[in-house]
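Okay, so here's the structure we're looking at.
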Amino acid sequence: MENLSSTYLDQCRSQLLAEQTTSLAETNNWAHVDRPRVHADWDVLYKELAPLIDRSAPGDAAIQALTARHFDIVGRFFTPSKDAYIGMSLFYAENEDMRKFHEGYHPRMVAFLGAAMCAYAHAKL
């Protein structure tokens, strides 16, 4: 993400906030989401991803397949646009609780997943 401008990254942050706010309002705060199932699925995904971080690149096919699963899990809440999905990766890095949660799986999880999410967003969204 280092080659993206700060203006564009601010746009991504704003887009995430706008899309999440709309979705929360339209779905009674995501009442339809089976949160225990979502968290269990993320746990499985992150445990698969963590051992690959030190020997893979974010754009590798296997990593992008895992990122597609991440996007599908996010889709249980709402379907983010490209900019909102990139904004989500920024949120993971900038929110202390989210950063700690993700880095509990691997110290480089946030940076690696963020780069993978950015690559996925640009290729697929």
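Each chain in the structure tokens gets a letter, A, B and so on, in the order shown; residues start at 1 in every chain, and ligands are counted from 1 in the order they appear.
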| field | segment 49-125 of chain A: residues DSSP assigns to alpha helix (DSSP H), reported as a PyMOL selection string | value | chain A and resi 49+61-74+82-94+96-103+109-124
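Residues surrounding segment 74-86 of chain A within 6 Å are Cys12, Gln15, Leu16, Phe71, Asp72, Met88, Ser89, Cys118, Ala121 and Leu125 of chain A [only C-alpha atoms; sequence separation below 2 positions excluded].
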Limited to N, CA, C and O atoms, could you put the picked residues into a file as a PDB file, in the first residue's frame?
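And here's again-v4.pdb as it stands now:
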ATOM      1  N   CYS A  12     -10.441   5.767   1.140  1.00  0.00           N
ATOM      2  CA  CYS A  12     -10.778   4.390   1.505  1.00  0.00           C
ATOM      3  C   CYS A  12     -11.313   4.306   2.929  1.00  0.00           C
ATOM      4  O   CYS A  12     -12.291   3.600   3.188  1.00  0.00           O
ATOM      5  N   GLN A  15     -14.807   5.692   2.834  1.00  0.00           N
ATOM      6  CA  GLN A  15     -15.735   4.792   2.155  1.00  0.00           C
ATOM      7  C   GLN A  15     -16.132   3.637   3.050  1.00  0.00           C
ATOM      8  O   GLN A  15     -17.286   3.235   3.096  1.00  0.00           O
ATOM      9  N   LEU A  16     -15.168   3.097   3.801  1.00  0.00           N
ATOM     10  CA  LEU A  16     -15.496   2.028   4.750  1.00  0.00           C
ATOM     11  C   LEU A  16     -16.507   2.525   5.770  1.00  0.00           C
ATOM     12  O   LEU A  16     -17.522   1.862   6.030  1.00  0.00           O
ATOM     13  N   PHE A  71     -12.771 -12.101   2.291  1.00  0.00           N
ATOM     14  CA  PHE A  71     -13.768 -11.217   1.692  1.00  0.00           C
ATOM     15  C   PHE A  71     -15.176 -11.828   1.806  1.00  0.00           C
ATOM     16  O   PHE A  71     -16.138 -11.122   2.100  1.00  0.00           O
ATOM     17  N   ASP A  72     -15.268 -13.130   1.600  1.00  0.00           N
ATOM     18  CA  ASP A  72     -16.571 -13.805   1.717  1.00  0.00           C
ATOM     19  C   ASP A  72     -17.106 -13.740   3.150  1.00  0.00           C
ATOM     20  O   ASP A  72     -18.317 -13.575   3.352  1.00  0.00           O
ATOM     21  N   MET A  88     -10.834  -1.210   5.182  1.00  0.00           N
ATOM     22  CA  MET A  88     -10.881  -2.198   6.260  1.00  0.00           C
ATOM     23  C   MET A  88      -9.470  -2.647   6.640  1.00  0.00           C
ATOM     24  O   MET A  88      -9.154  -2.804   7.825  1.00  0.00           O
ATOM     25  N   SER A  89      -8.620  -2.824   5.645  1.00  0.00           N
ATOM     26  CA  SER A  89      -7.240  -3.213   5.951  1.00  0.00           C
ATOM     27  C   SER A  89      -6.537  -2.115   6.747  1.00  0.00           C
ATOM     28  O   SER A  89      -5.736  -2.407   7.636  1.00  0.00           O
ATOM     29  N   CYS A 118      -5.378  -5.463  -0.204  1.00  0.00           N
ATOM     30  CA  CYS A 118      -5.205  -4.429  -1.213  1.00  0.00           C
ATOM     31  C   CYS A 118      -5.033  -5.056  -2.596  1.00  0.00           C
ATOM     32  O   CYS A 118      -5.664  -4.629  -3.571  1.00  0.00           O
ATOM     33  N   ALA A 121      -8.382  -6.473  -3.666  1.00  0.00           N
ATOM     34  CA  ALA A 121      -9.322  -5.413  -4.038  1.00  0.00           C
ATOM     35  C   ALA A 121      -9.027  -4.872  -5.428  1.00  0.00           C
ATOM     36  O   ALA A 121      -9.946  -4.678  -6.232  1.00  0.00           O
ATOM     37  N   LEU A 125     -12.145  -6.440  -7.297  1.00  0.00           N
ATOM     38  CA  LEU A 125     -13.301  -5.580  -6.971  1.00  0.00           C
ATOM     39  C   LEU A 125     -13.353  -4.358  -7.881  1.00  0.00           C
ATOM     40  O   LEU A 125     -12.398  -3.909  -8.409  1.00  0.00           O
TER      41      LEU A 125
END
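A straight line drawn from atom CA of Asn28 of chain A to atom CA of Ile73 of chain A is 18.6 Å long.
The list of residues with at least one atom within 10 Å of segment 53-57 of chain A, based on only C-alpha atoms and without residues fewer than 6 positions apart in the same chain, reads A:Ile63, A:Gln64, A:His106, A:Pro107, A:Arg108, A:Met109, A:Ala111, A:Phe112, A:Leu113, A:Ala115, A:Ala116.
Distance-wise, atom CA of Arg69 of chain A and atom CA of Asp41 of chain A end up 9.3 Å apart.
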